[in-house]
Amino acid sequence: MSNSSSITHFLLLAFTDTEELQLLHFWLFLGIYLAALLGNGLITTTVACDHHLHTPMYFFLLNLSLLDLGYISTTVPKSMANSLWDTRDISYAGCAAQLLLFAFLMSAEFSLLTVMAYDRYVAICKPLHYGTLLGSRACVRMAAAAWGSGFLHAVLHTANTFSIPLCHGNVLEQFFCEIPQILKLACSDAYLREAGLLVVTICLAFGCFLFIFFSYVQIFRAVLRIPSKQGRHKAFSMCLPHLLVVSLFISTATFAYLKPPSISSPSMDLMVAVLYSVVPPAVNPLIYSMRNQELKEAVWKLTTRCFS
């Protein structure tokens, strides 16, 4: 039995004990990480440099790309380093910092996706009021609220989690530090305070989910009333990438945190964690650029200018 005051480091879950498979994991994660850096970096640079893209939709997309860059950089590089150097260690302070950053970026991203749903709702359902409701000041305030609420949420959870005494060792059954895995090490009944805070968080997240859901109900009703086929296609092209990103984020995160204990296992937890922490930041740029001709042309213009 150990006490949290005597814990100086945690042991993260290794993907495999075989050296060859550890190297495979390293190269696989490196490929995904570089793809995420390239995709999100291109979107961030393109939106910042092209004045034609200085609109609310692309402003929020730039913020999403910045969050995705931080999101994947919080967990993947450490996991790659552990596989390359055949270690599982992460320091106590490093674990706290990783949990803080991951919770901050994850909750800020969900808040921003909620704001982006509102942006799509106003653009489709109230186009005449779009400039008034989503002026530059309003956009900055909404983005700042998403980042600020995410940071406040992360500070509360991190402070609460690391104030709980730990009595069940220092081995985490995950490849990065996350709240549920640390709570498994808590002394009996000591985790109830953080569990209560998690319930409040789930309720707030469910409120955001309902807002997104009903926004899209109104959006689809408005789109189906558009008389021209071209108009409907343009409206769907504006909304479907965001809907796909939201669906991927919510479905994987919900399954990760609310799956029944009966189907929980270290390998299942590992696979689901990769799905919600590694995959979305890598595929989001692809989803957003796939049906967006304006963004694709701007990215192409930027890349040809750089290499010409």
# chains A, B, ... in the order shown; residues from 1 in each chain; ligands from 1

call {"tool": "residues_around", "arguments": {"residues": "region 277-292 of chain A", "least_positions_apart": "6", "cutoff": "8 Å", "atoms": "only C-alpha atoms", "output": "VMD selection string"}}
result
chain A and resid 32 to 33 35 to 37 39 to 40 43 65 68 to 69 71 to 72 75 to 76 237 to 238 241 to 242 244 to 245 248 to 249

call {"tool": "closest_atom_pairs", "arguments": {"of": "region 200-256 of chain A", "to": "region 106-111 of chain A", "cutoff": "10 Å", "atoms": "only C-alpha atoms", "output": "JSON lines"}}
result
{"residue": "A:Thr201", "atom": "CA", "partner": "A:Ser107", "partner_atom": "CA", "distance": 9.4}
{"residue": "A:Ala205", "atom": "CA", "partner": "A:Phe110", "partner_atom": "CA", "distance": 8.0}
{"residue": "A:Cys208", "atom": "CA", "partner": "A:Ser111", "partner_atom": "CA", "distance": 7.4}
{"residue": "A:Phe209", "atom": "CA", "partner": "A:Phe110", "partner_atom": "CA", "distance": 9.0}
{"residue": "A:Val246", "atom": "CA", "partner": "A:Phe110", "partner_atom": "CA", "distance": 8.2}
{"residue": "A:Phe249", "atom": "CA", "partner": "A:Phe110", "partner_atom": "CA", "distance": 8.1}
{"residue": "A:Ile250", "atom": "CA", "partner": "A:Phe110", "partner_atom": "CA", "distance": 8.4}
{"residue": "A:Ala253", "atom": "CA", "partner": "A:Met106", "partner_atom": "CA", "distance": 9.6}

call {"tool": "closest_residue", "arguments": {"among": "A:Ile179, A:Cys49, A:Val299, A:Leu38", "to": "Phe102 (chain A)", "atoms": "only C-alpha atoms"}}
result
A:Ile179

call {"tool": "residues_around", "arguments": {"residues": "Phe59 (chain A)", "least_positions_apart": "3", "cutoff": "9 Å", "atoms": "only C-alpha atoms", "output": "list in words"}}
result
Val47, Ala48, Leu53, His54, Thr55, Pro56, Leu62, Asn63, Leu64, Cys139, Val140 and Ala143 of chain A

call {"tool": "write_last_selection", "arguments": {"atoms": "N, CA, C and O atoms", "output": "CSV table (one decimal), in the first residue's frame"}}
result
chain,number,residue,atom,x,y,z
A,47,VAL,N,-5.8,30.1,-42.9
A,47,VAL,CA,-6.9,31.0,-42.4
A,47,VAL,C,-6.3,32.3,-41.9
A,47,VAL,O,-6.8,33.4,-42.1
A,48,ALA,N,-5.1,32.2,-41.3
A,48,ALA,CA,-4.5,33.4,-40.7
A,48,ALA,C,-4.0,34.3,-41.9
A,48,ALA,O,-4.1,35.6,-41.7
A,53,LEU,N,-10.6,34.4,-46.0
A,53,LEU,CA,-11.1,33.4,-45.0
A,53,LEU,C,-11.3,34.0,-43.6
A,53,LEU,O,-11.5,33.3,-42.7
A,54,HIS,N,-11.3,35.4,-43.5
A,54,HIS,CA,-11.4,36.0,-42.3
A,54,HIS,C,-12.9,36.2,-42.0
A,54,HIS,O,-13.5,37.3,-42.0
A,55,THR,N,-13.6,35.1,-41.8
A,55,THR,CA,-15.1,35.0,-41.5
A,55,THR,C,-15.3,34.3,-40.2
A,55,THR,O,-14.3,33.5,-39.8
A,56,PRO,N,-16.4,34.4,-39.6
A,56,PRO,CA,-16.6,33.6,-38.3
A,56,PRO,C,-16.4,32.1,-38.4
A,56,PRO,O,-15.8,31.5,-37.6
A,62,LEU,N,-10.0,27.9,-37.2
A,62,LEU,CA,-8.6,28.2,-36.8
A,62,LEU,C,-8.4,27.8,-35.3
A,62,LEU,O,-7.4,27.2,-35.0
A,63,ASN,N,-9.4,28.2,-34.5
A,63,ASN,CA,-9.3,27.9,-33.1
A,63,ASN,C,-9.4,26.4,-32.8
A,63,ASN,O,-8.6,25.8,-32.0
A,64,LEU,N,-10.2,25.7,-33.6
A,64,LEU,CA,-10.3,24.2,-33.5
A,64,LEU,C,-9.0,23.6,-33.9
A,64,LEU,O,-8.5,22.6,-33.2
A,139,CYS,N,-17.5,37.0,-31.9
A,139,CYS,CA,-16.8,35.7,-32.2
A,139,CYS,C,-15.6,35.6,-31.2
A,139,CYS,O,-15.3,34.5,-30.7
A,140,VAL,N,-14.9,36.7,-31.0
A,140,VAL,CA,-13.7,36.6,-30.1
A,140,VAL,C,-14.2,36.3,-28.7
A,140,VAL,O,-13.5,35.5,-28.0
A,143,ALA,N,-15.1,32.5,-28.6
A,143,ALA,CA,-13.9,31.7,-28.6
A,143,ALA,C,-13.2,31.8,-27.2
A,143,ALA,O,-12.8,30.7,-26.7

call {"tool": "atom_distance", "arguments": {"atom1": "CA of Thr252 (chain A)", "atom2": "CA of Ala81 (chain A)"}}
result
25.1 Å

call {"tool": "residues_around", "arguments": {"residues": "region 115-120 of chain A", "least_positions_apart": "4", "cutoff": "9 Å", "atoms": "only C-alpha atoms", "output": "list in words"}}
result
Pro56, Met57, Phe60, Leu61, Phe110, Ser111, Ile124, Cys125, Tyr130, Leu134, Met142, Ala143, Ala146, Phe211, Ile212, Phe213, Ser215, Tyr216, Ile219, Met238, Cys239, His242 and Leu243 of chain A

call {"tool": "closest_residue", "arguments": {"among": "A:Leu185, A:Ala123, A:Leu105, A:Thr46", "to": "Ser149 (chain A)", "atoms": "only C-alpha atoms"}}
result
A:Leu105

call {"tool": "atom_distance", "arguments": {"atom1": "CA of Pro77 (chain A)", "atom2": "CA of Tyr92 (chain A)"}}
result
17.4 Å

call {"tool": "closest_residue", "arguments": {"among": "A:Ala222, A:Ala96, A:Leu42, A:Val272", "to": "Leu258 (chain A)", "atoms": "only C-alpha atoms"}}
result
A:Val272

call {"tool": "closest_residue", "arguments": {"among": "A:Glu294, A:Leu84, A:Arg305, A:Leu99", "to": "His52 (chain A)", "atoms": "only C-alpha atoms"}}
result
A:Glu294

call {"tool": "residues_around", "arguments": {"residues": "region 3-17 of chain A", "least_positions_apart": "6", "cutoff": "7 Å", "atoms": "only C-alpha atoms", "output": "list in words"}}
result
Arg88, Asp89, Ile90, Ser91, Tyr92, Pro165, Leu166, Cys167, Asn170, Val171, Leu172, Glu173, Gln174, Phe175 and Phe176 of chain A

call {"tool": "select_by_dssp", "arguments": {"residues": "region 165-273 of chain A", "states": "alpha helix (DSSP H)", "output": "MDAnalysis selection string"}}
result
chainID A and resid 179:183 192:224 229:258 266:273
